[in-house]
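Data file: target30.cif. Format and content: mmCIF, C-alpha atoms (C1' of nucleotides).
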data_input
#
loop_
_atom_site.label_atom_id
_atom_site.label_comp_id
_atom_site.auth_asym_id
_atom_site.auth_seq_id
_atom_site.Cartn_x
_atom_site.Cartn_y
_atom_site.Cartn_z
CA MET C 1 135.59 128.34 104.54
CA THR C 2 136.20 131.86 105.79
CA ASP C 3 138.82 132.20 103.06
CA ILE C 4 136.34 131.40 100.35
CA LYS C 5 133.62 133.49 101.88
CA SER C 6 135.73 136.60 102.38
CA GLY C 7 137.11 136.14 98.86
CA VAL C 8 133.61 136.18 97.47
CA ASN C 9 132.72 139.18 99.61
CA LEU C 10 135.77 141.05 98.40
CA LEU C 11 134.83 140.32 94.82
CA PHE C 12 131.31 141.50 95.47
CA LEU C 13 132.49 144.68 97.13
CA ARG C 14 134.87 145.37 94.27
CA GLU C 15 132.11 144.85 91.72
CA GLU C 16 129.78 147.05 93.74
CA GLU C 17 132.46 149.71 94.12
CA LEU C 18 133.15 149.82 90.40
CA ARG C 19 129.46 149.92 89.49
CA GLN C 20 128.97 152.78 91.89
CA GLY C 21 131.80 154.54 90.09
CA ILE C 22 130.01 154.11 86.79
CA GLU C 23 126.81 155.47 88.25
CA LEU C 24 128.54 158.38 89.95
CA LEU C 25 129.82 159.47 86.58
CA TYR C 26 126.48 159.03 84.87
CA PHE C 27 124.47 160.93 87.46
CA ALA C 28 127.08 163.61 88.05
CA TYR C 29 127.29 164.35 84.34
CA ARG C 30 123.54 164.57 84.08
CA GLY C 31 123.27 166.77 87.13
CA PHE C 32 125.92 168.91 85.62
CA THR C 33 124.22 169.57 82.30
CA GLU C 34 120.60 170.00 83.31
CA GLU C 35 120.80 173.58 84.55
CA PRO C 36 122.62 174.99 81.50
CA ASP C 37 120.34 172.95 79.23
CA ALA C 38 117.30 174.68 80.69
CA ILE C 39 118.81 178.14 80.08
CA LEU C 40 119.93 177.23 76.57
CA ALA C 41 116.38 176.25 75.64
CA ASP C 42 115.30 179.88 76.20
CA TYR C 43 117.73 180.94 73.49
CA GLY C 44 116.71 178.18 71.11
CA PHE C 45 120.10 176.59 71.64
CA GLY C 46 121.16 173.13 72.77
CA ARG C 47 124.05 171.52 74.56
CA ALA C 48 126.16 171.65 71.43
CA HIS C 49 125.99 175.44 71.47
CA HIS C 50 127.12 175.46 75.06
CA ARG C 51 130.17 173.38 74.27
CA VAL C 52 131.16 175.73 71.46
CA ILE C 53 130.61 178.81 73.59
CA TYR C 54 132.52 177.22 76.43
CA PHE C 55 135.63 176.32 74.50
CA VAL C 56 135.72 179.55 72.50
CA GLY C 57 135.48 181.39 75.81
CA ARG C 58 138.16 179.22 77.30
CA ARG C 59 140.62 179.62 74.43
CA PRO C 60 139.90 182.94 72.70
CA GLY C 61 141.29 182.92 69.17
CA ILE C 62 140.84 179.15 68.83
CA THR C 63 140.72 178.04 65.19
CA VAL C 64 137.94 176.01 63.66
CA SER C 65 140.16 172.94 63.36
CA GLU C 66 141.27 173.17 66.97
CA LEU C 67 137.66 173.42 68.02
CA LEU C 68 136.80 170.39 65.89
CA ALA C 69 139.65 168.43 67.45
CA THR C 70 138.58 169.41 70.94
CA LEU C 71 134.93 168.54 70.43
CA ARG C 72 135.68 165.54 68.20
CA ILE C 73 132.80 166.20 65.86
CA THR C 74 132.70 166.72 62.10
CA LYS C 75 132.85 170.14 60.55
CA GLN C 76 129.37 169.61 59.16
CA SER C 77 128.06 169.15 62.68
CA LEU C 78 129.95 172.14 63.98
CA SER C 79 128.87 174.25 61.03
CA ARG C 80 125.21 174.48 61.94
CA VAL C 81 125.86 175.31 65.57
CA LEU C 82 128.74 177.71 65.00
CA GLY C 83 126.86 179.36 62.13
CA GLN C 84 123.91 180.10 64.39
CA LEU C 85 126.15 181.50 67.11
CA ILE C 86 127.86 183.77 64.59
CA ASP C 87 124.55 184.86 63.02
CA ASP C 88 123.16 185.66 66.44
CA GLN C 89 126.35 187.52 67.30
CA PHE C 90 127.56 185.48 70.23
CA ILE C 91 130.80 184.67 68.40
CA THR C 92 132.96 186.59 65.90
CA GLN C 93 135.51 185.35 63.40
CA ARG C 94 138.67 187.05 62.19
CA PRO C 95 141.31 185.74 59.82
CA GLY C 96 144.53 184.38 61.30
CA LEU C 97 147.51 186.74 61.18
CA ARG C 98 150.12 184.24 60.12
CA ASP C 99 147.70 182.00 58.20
CA ARG C 100 144.87 183.88 56.59
CA ARG C 101 142.93 180.68 55.88
CA GLN C 102 142.23 180.30 59.55
CA ARG C 103 139.19 181.76 61.24
CA LEU C 104 140.05 182.73 64.78
CA LEU C 105 136.98 182.53 66.97
CA GLU C 106 136.13 184.82 69.85
CA LEU C 107 133.16 185.54 72.05
CA THR C 108 131.43 188.89 71.62
CA ALA C 109 130.38 190.81 74.73
CA LYS C 110 126.99 189.15 74.33
CA GLY C 111 128.75 185.80 74.04
CA VAL C 112 130.75 186.40 77.19
CA ASP C 113 127.53 187.20 79.04
CA LEU C 114 125.87 183.99 77.92
CA GLU C 115 128.98 181.96 78.69
CA ARG C 116 129.01 183.38 82.21
CA LEU C 117 125.33 182.73 82.70
CA LEU C 118 125.66 179.10 81.62
CA THR C 119 128.94 178.19 83.22
CA GLU C 120 128.20 180.04 86.44
CA LYS C 121 125.71 177.32 87.35
CA GLN C 122 128.31 174.66 86.78
CA ARG C 123 131.04 176.54 88.60
CA ALA C 124 128.73 177.07 91.56
CA ARG C 125 127.92 173.39 91.65
CA ILE C 126 131.57 172.39 91.54
CA ALA C 127 132.53 175.05 94.08
CA ALA C 128 129.87 173.74 96.47
CA ALA C 129 130.98 170.13 96.00
CA TYR C 130 134.64 171.10 96.52
CA ARG C 131 133.81 173.12 99.61
CA GLU C 132 131.80 170.33 101.21
CA ALA C 133 134.34 167.65 100.39
CA GLY C 134 137.44 169.56 101.41
CA PRO C 135 140.82 170.12 99.73
CA GLU C 136 142.12 166.58 100.22
CA ALA C 137 139.05 165.09 98.60
CA VAL C 138 139.42 167.54 95.72
CA GLU C 139 142.96 166.35 95.18
CA GLY C 140 141.73 162.75 95.07
CA PHE C 141 138.89 163.67 92.75
CA ARG C 142 141.31 165.25 90.29
CA LYS C 143 143.65 162.29 90.41
CA VAL C 144 140.90 159.79 89.66
CA MET C 145 139.30 161.92 86.99
CA LEU C 146 142.60 162.37 85.20
CA GLY C 147 142.98 158.60 85.22
CA LEU C 148 139.57 158.22 83.65
CA ILE C 149 140.31 160.61 80.83
CA GLY C 150 141.62 159.10 77.59
CA GLU C 151 145.28 159.54 76.74
CA ALA C 152 144.50 161.93 73.89
CA ASP C 153 142.50 164.32 76.05
CA ARG C 154 144.83 164.17 79.01
CA ARG C 155 147.23 166.53 77.29
CA SER C 156 144.76 169.38 77.73
CA PHE C 157 145.56 169.23 81.42
CA THR C 158 149.33 169.18 81.31
CA ALA C 159 151.72 172.15 81.33
CA ALA C 160 152.80 171.17 77.81
CA GLY C 161 149.23 171.39 76.58
CA LEU C 162 148.81 174.80 78.12
CA ARG C 163 152.05 176.06 76.61
CA ALA C 164 151.10 174.80 73.14
CA ARG C 165 148.01 176.95 73.35
CA GLU C 166 149.94 180.12 74.06
CA ARG C 167 151.61 179.99 70.66
CA ARG C 168 148.79 181.72 68.83
CA MET G 1 150.08 195.83 96.93
CA THR G 2 150.85 192.20 97.65
CA ASP G 3 147.40 191.92 99.19
CA ILE G 4 145.71 192.99 96.01
CA LYS G 5 147.97 190.94 93.82
CA SER G 6 147.54 187.74 95.81
CA GLY G 7 143.79 188.37 95.95
CA VAL G 8 143.69 188.55 92.18
CA ASN G 9 145.83 185.46 91.91
CA LEU G 10 143.58 183.56 94.26
CA LEU G 11 140.57 184.54 92.20
CA PHE G 12 142.33 183.46 89.06
CA LEU G 13 143.37 180.16 90.58
CA ARG G 14 139.87 179.55 91.83
CA GLU G 15 138.40 180.29 88.40
CA GLU G 16 140.99 178.07 86.77
CA GLU G 17 140.40 175.31 89.29
CA LEU G 18 136.65 175.37 88.71
CA ARG G 19 137.02 175.42 84.94
CA GLN G 20 139.35 172.47 85.13
CA GLY G 21 136.69 170.70 87.14
CA ILE G 22 134.16 171.33 84.38
CA GLU G 23 136.55 170.00 81.78
CA LEU G 24 137.51 166.96 83.83
CA LEU G 25 133.86 165.98 83.89
CA TYR G 26 133.37 166.60 80.19
CA PHE G 27 136.42 164.65 79.07
CA ALA G 28 136.04 161.87 81.62
CA TYR G 29 132.45 161.29 80.58
CA ARG G 30 133.42 161.20 76.94
CA GLY G 31 136.34 158.86 77.59
CA PHE G 32 133.97 156.73 79.51
CA THR G 33 131.38 156.26 76.80
CA GLU G 34 133.51 155.87 73.70
CA GLU G 35 134.49 152.23 74.13
CA PRO G 36 130.98 150.91 74.78
CA ASP G 37 129.65 153.13 71.98
CA ALA G 38 131.96 151.40 69.52
CA ILE G 39 130.79 147.94 70.60
CA LEU G 40 127.13 148.97 70.55
CA ALA G 41 127.46 150.10 66.94
CA ASP G 42 128.22 146.48 65.94
CA TYR G 43 124.83 145.48 67.32
CA GLY G 44 123.02 148.36 65.67
CA PHE G 45 122.48 149.85 69.11
CA GLY G 46 123.29 153.20 70.63
CA ARG G 47 124.07 154.65 74.02
CA ALA G 48 120.41 154.60 74.97
CA HIS G 49 120.39 150.82 74.65
CA HIS G 50 123.40 150.61 76.92
CA ARG G 51 121.71 152.63 79.61
CA VAL G 52 118.66 150.37 79.53
CA ILE G 53 120.77 147.20 79.59
CA TYR G 54 122.85 148.63 82.39
CA PHE G 55 120.03 149.53 84.74
CA VAL G 56 118.02 146.38 84.03
CA GLY G 57 121.16 144.39 84.83
CA ARG G 58 121.73 146.43 87.92
CA ARG G 59 118.20 146.09 89.26
CA PRO G 60 116.71 142.87 87.90
CA GLY G 61 112.92 143.01 88.03
CA ILE G 62 112.85 146.79 87.65
CA THR G 63 109.51 148.06 86.40
CA VAL G 64 109.05 150.24 83.33
CA SER G 65 108.12 153.25 85.45
CA GLU G 66 111.14 152.82 87.70
CA LEU G 67 113.33 152.63 84.64
CA LEU G 68 111.71 155.77 83.23
CA ALA G 69 112.29 157.59 86.50
CA THR G 70 115.92 156.48 86.61
CA LEU G 71 116.67 157.47 83.04
CA ARG G 72 114.43 160.57 83.12
CA ILE G 73 113.16 160.09 79.61
CA THR G 74 109.63 159.74 78.28
CA LYS G 75 108.01 156.37 77.79
CA GLN G 76 107.85 157.05 74.05
CA SER G 77 111.62 157.37 73.99
CA LEU G 78 112.12 154.28 76.08
CA SER G 79 109.62 152.35 74.01
CA ARG G 80 111.70 152.21 70.85
CA VAL G 81 114.88 151.19 72.60
CA LEU G 82 113.31 148.73 75.03
CA GLY G 83 111.18 147.26 72.23
CA GLN G 84 114.27 146.53 70.17
CA LEU G 85 116.04 144.94 73.12
CA ILE G 86 113.03 142.72 73.82
CA ASP G 87 112.60 141.81 70.13
CA ASP G 88 116.27 140.91 69.92
CA GLN G 89 115.97 138.91 73.14
CA PHE G 90 118.38 140.79 75.32
CA ILE G 91 115.62 141.59 77.80
CA THR G 92 112.49 139.72 78.93
CA GLN G 93 109.33 140.98 80.55
CA ARG G 94 107.08 139.25 83.06
CA PRO G 95 104.02 140.59 84.81
CA GLY G 96 104.41 141.78 88.39
CA LEU G 97 103.18 139.37 91.06
CA ARG G 98 101.41 141.87 93.27
CA ASP G 99 100.48 144.21 90.43
CA ARG G 100 99.85 142.50 87.14
CA ARG G 101 99.92 145.79 85.24
CA GLN G 102 103.62 146.02 85.82
CA ARG G 103 106.18 144.57 83.47
CA LEU G 104 109.19 143.42 85.41
CA LEU G 105 112.29 143.59 83.25
CA GLU G 106 115.21 141.21 83.31
CA LEU G 107 118.25 140.50 81.20
CA THR G 108 118.32 137.21 79.30
CA ALA G 109 121.54 135.19 79.25
CA LYS G 110 122.35 136.98 75.99
CA GLY G 111 121.58 140.28 77.69
CA VAL G 112 123.87 139.47 80.59
CA ASP G 113 126.67 138.69 78.14
CA LEU G 114 126.26 142.00 76.32
CA GLU G 115 126.00 143.89 79.59
CA ARG G 116 129.29 142.32 80.73
CA LEU G 117 130.98 143.06 77.44
CA LEU G 118 129.97 146.72 77.54
CA THR G 119 130.42 147.46 81.19
CA GLU G 120 133.65 145.50 81.48
CA LYS G 121 135.42 148.24 79.53
CA GLN G 122 134.10 150.85 81.92
CA ARG G 123 134.85 148.81 85.01
CA ALA G 124 138.40 148.22 83.78
CA ARG G 125 138.85 151.93 83.20
CA ILE G 126 137.60 152.81 86.66
CA ALA G 127 139.60 150.02 88.26
CA ALA G 128 142.77 151.31 86.60
CA ALA G 129 142.09 154.89 87.64
CA TYR G 130 141.33 153.80 91.22
CA ARG G 131 144.46 151.67 91.37
CA GLU G 132 146.71 154.45 90.09
CA ALA G 133 145.19 157.08 92.33
CA GLY G 134 145.08 155.04 95.52
CA PRO G 135 142.37 154.46 98.14
CA GLU G 136 142.52 157.92 99.69
CA ALA G 137 142.03 159.57 96.32
CA VAL G 138 139.12 157.24 95.61
CA GLU G 139 137.48 158.35 98.83
CA GLY G 140 137.89 161.98 97.78
CA PHE G 141 136.61 161.25 94.31
CA ARG G 142 133.45 159.70 95.70
CA LYS G 143 132.88 162.59 98.09
CA VAL G 144 133.15 165.19 95.36
CA MET G 145 131.07 163.24 92.86
CA LEU G 146 128.30 162.75 95.39
CA GLY G 147 128.31 166.50 95.93
CA LEU G 148 127.93 167.07 92.20
CA ILE G 149 124.95 164.77 91.88
CA GLY G 150 121.53 166.39 92.11
CA GLU G 151 119.49 165.89 95.26
CA ALA G 152 116.99 163.61 93.49
CA ASP G 153 119.62 161.20 92.21
CA ARG G 154 121.66 161.15 95.38
CA ARG G 155 119.17 158.80 96.98
CA SER G 156 120.31 156.00 94.66
CA PHE G 157 123.54 155.98 96.63
CA THR G 158 122.19 155.91 100.17
CA ALA G 159 121.30 152.89 102.28
CA ALA G 160 117.65 153.99 102.19
CA GLY G 161 117.66 153.95 98.41
CA LEU G 162 119.15 150.48 98.36
CA ARG G 163 116.63 149.19 100.85
CA ALA G 164 113.71 150.60 98.90
CA ARG G 165 114.85 148.57 95.94
CA GLU G 166 114.77 145.28 97.84
CA ARG G 167 111.03 145.54 98.28
CA ARG G 168 110.22 143.91 94.93
"C1'" DA Z 1 153.34 174.85 39.62
"C1'" DT Z 2 151.46 171.27 42.15
"C1'" DT Z 3 149.88 169.61 46.32
"C1'" DT Z 4 148.20 170.09 50.85
"C1'" DT Z 5 145.60 172.36 54.33
"C1'" DA Z 6 141.79 175.24 56.45
"C1'" DT Z 7 137.37 176.19 55.91
"C1'" DG Z 8 132.81 175.96 54.11
"C1'" DT Z 9 128.65 173.97 51.81
"C1'" DC Z 10 124.98 170.82 49.80
"C1'" DA Z 11 122.47 166.70 50.43
"C1'" DG Z 12 120.88 162.72 52.70
"C1'" DT Z 13 120.52 159.83 56.83
"C1'" DC Z 14 120.25 158.18 61.66
"C1'" DA Z 15 119.67 158.08 66.81
"C1'" DT Z 16 117.69 160.10 70.55
"C1'" DA Z 17 114.85 162.83 72.46
"C1'" DT Z 18 110.46 165.72 72.77
"C1'" DT Z 19 104.98 166.92 73.04
"C1'" DG Z 20 100.29 165.54 72.60
"C1'" DA Z 21 96.53 162.41 72.16
"C1'" DC Z 22 94.60 158.13 72.94
"C1'" DT Z 23 94.05 152.91 74.43
"C1'" DT Z 24 94.02 148.83 77.43
"C1'" DA Z 25 94.33 146.42 81.55
"C1'" DT Z 26 94.46 146.39 86.29
"C1'" DA Z 27 94.29 148.30 90.92
"C1'" DT Z 28 92.28 151.16 94.42
"C1'" DG Z 29 89.12 154.13 97.06
"C1'" DC Z 30 84.58 155.15 98.35
"C1'" DG S 1 80.36 147.64 92.46
"C1'" DC S 2 81.53 151.75 90.19
"C1'" DA S 3 84.41 155.62 89.42
"C1'" DT S 4 88.95 156.96 89.28
"C1'" DA S 5 93.78 156.43 89.15
"C1'" DT S 6 97.82 154.08 87.62
"C1'" DA S 7 101.07 151.10 84.59
"C1'" DA S 8 102.09 150.37 80.24
"C1'" DG S 9 101.81 150.89 75.31
"C1'" DT S 10 100.91 153.19 70.73
"C1'" DC S 11 100.44 156.65 66.82
"C1'" DA S 12 102.02 160.92 64.95
"C1'" DA S 13 104.71 164.93 64.37
"C1'" DT S 14 108.93 167.44 65.48
"C1'" DA S 15 113.72 168.95 67.08
"C1'" DT S 16 118.58 168.30 67.95
"C1'" DG S 17 122.87 166.62 67.22
"C1'" DA S 18 125.37 163.67 65.13
"C1'" DC S 19 127.03 161.10 60.77
"C1'" DT S 20 128.86 160.05 55.56
"C1'" DG S 21 130.00 161.59 51.03
"C1'" DA S 22 130.98 164.86 47.54
"C1'" DC S 23 132.57 169.09 46.15
"C1'" DA S 24 134.39 174.24 46.31
"C1'" DT S 25 137.54 178.04 47.48
"C1'" DA S 26 141.43 180.31 49.20
"C1'" DA S 27 145.87 180.28 50.97
"C1'" DA S 28 150.08 177.98 52.38
"C1'" DA S 29 153.80 174.80 51.64
"C1'" DT S 30 156.84 172.02 48.85
#

Take the structure in this file and express it as structure tokens.
Amino acid sequence: MTDIKSGVNLLFLREEELRQGIELLYFAYRGFTEEPDAILADYGFGRAHHRVIYFVGRRPGITVSELLATLRITKQSLSRVLGQLIDDQFITQRPGLRDRRQRLLELTAKGVDLERLLTEKQRARIAAAYREAGPEAVEGFRKVMLGLIGEADRRSFTAAGLRARERR
Amino acid sequence: MTDIKSGVNLLFLREEELRQGIELLYFAYRGFTEEPDAILADYGFGRAHHRVIYFVGRRPGITVSELLATLRITKQSLSRVLGQLIDDQFITQRPGLRDRRQRLLELTAKGVDLERLLTEKQRARIAAAYREAGPEAVEGFRKVMLGLIGEADRRSFTAAGLRARERR
DNA sequence: ATTTTATGTCAGTCATATTGACTTATATGC
DNA sequence: GCATATAAGTCAATATGACTGACATAAAAT
């Protein structure tokens, strides 16, 4: 009897634990985007603009195709957003040195400012969560998050991925 | 000299650590939604439908206003999605007992099946990540994620929040 | 010289969200 | 009991971010 009962309880706890995991991700992601979203609205931009600004800031000189691969959207989708950011002078393009078909993307000074403004909110939020939780918890957080990330994206977080980026 | 240099390095590491945190969230969330998204497409549904199915499954008898508050969308937005799910018989409505203005929402058998199908992928992904990372890491993960979640949403994860729900 | 690649563009469509205005039914407070 | 508030729903217009498909141009690679 106790065997069956505790078995059921274990199953229930497991189910509950996993569902809480799902919800943690959902709510954390939402909490994470709402502040930048509010700022972006003042500029007439949306979340898509933030993602472009973020990754161009993160990897200066990134090509259009690398950006497309990172964001996993079509070039038509990127085009509108990137075009606006270039028109409004948050991002500049220059031709690749070794391959002149490429457009290497970089933030302008104005772009760096906006990137800071937007990401600062997110960094502050993460910093606060890390501080409260402590270094051990942070280590666990990173382990679990890495496990959640798809194989394809995981490379962005390995030494190999970082080295590949240096080659431009 | 070493003081300055290590100070700079610490700043750099901190910046890098925080940026990696941002990216972990971005990629984990994307990895987390892509499988259900693919299934939903077969039903002519989108991510919004999944969210509704999920929370109705999670809190059977949830009212429309509670669902709106959970999802933080307008009733006009919910209306289309919920209407489709009711038309297609994934969700049923019944009037509230104490307040007949309310529509209490529940999954049908068909709805439960779809909910399982969709969430199973996510549960499996979390289960695998938890298993690989180990119980200590899971504890850390939960601590950090809770810290990332906005004050308003955090209540969903406390005993008080759970108790409030029982009252229907 | 041909083919492939990197980028860009035009056109049409869809899903998800918004604001604003208004309706209906029911509950609640005085 | 009547006025007001609340729960839910609807109509209309709009914005954002994504998609597919077709086609164009320049430069690199074979």

All residues 9 Å or closer to segment 27-29 of chain G, only C-alpha atoms (C1' of nucleotides), same chain fewer than 5 positions away omitted, as a compact mmCIF listing (two decimals) with C-alpha atoms, keeping the file's coordinate frame:
# COMPACT_ATOMS: atom_id res chain seq x y z
CA LEU C 25 129.82 159.47 86.58
CA TYR C 26 126.48 159.03 84.87
CA TYR C 29 127.29 164.35 84.34
CA MET C 145 139.30 161.92 86.99
CA LEU C 146 142.60 162.37 85.20
CA GLY C 147 142.98 158.60 85.22
CA LEU C 148 139.57 158.22 83.65
CA ILE C 149 140.31 160.61 80.83
CA GLY C 150 141.62 159.10 77.59
CA ASP C 153 142.50 164.32 76.05
CA ARG C 154 144.83 164.17 79.01
CA ILE G 22 134.16 171.33 84.38
CA GLU G 34 133.51 155.87 73.70

Seminar exercise, completed: Using all atoms listed in the file, the best pick from C:Ser65, C:Gln20, C:Thr108, C:Thr33 as closest to chain Z would be C:Ser65

Problem set entry | Proximity to chain S - best of C:Arg155, C:Lys110, C:Arg100, C:Lys75, all atoms listed in the file | C:Arg100

Problem set entry | Close residues, segment 4-20 of chain S itself excluded, 7 Å, all atoms listed in the file, min 2 positions apart in chain, as number ranges by chain | C: 77; G: 101-102

For this session: Return as a VMD selection string the set of residues that the PyMOL selection byres ((chain C and resi 46) around 12) yields on the displayed structure.
Result: (chain C and resid 33 to 45 47 to 53 80 to 82 84 to 85 118) or (chain S and resid 15 to 17)

For this session: Mind checking which residues fall within 10 Å of Gly96 of chain C, counting only C-alpha atoms (C1' of nucleotides), ignoring those fewer than 5 positions away in the same chain, and posting them as a ChimeraX atom specification?
Result: /C:61-63,101-105,168

Exercise. When the PyMOL selection byres ((chain Z and resi 27) around 8) is applied to the file above, which residues end up in the set, as a PyMOL selection string?
Worked result: (chain G and resi 99) or (chain Z and resi 26+28) or (chain S and resi 6)
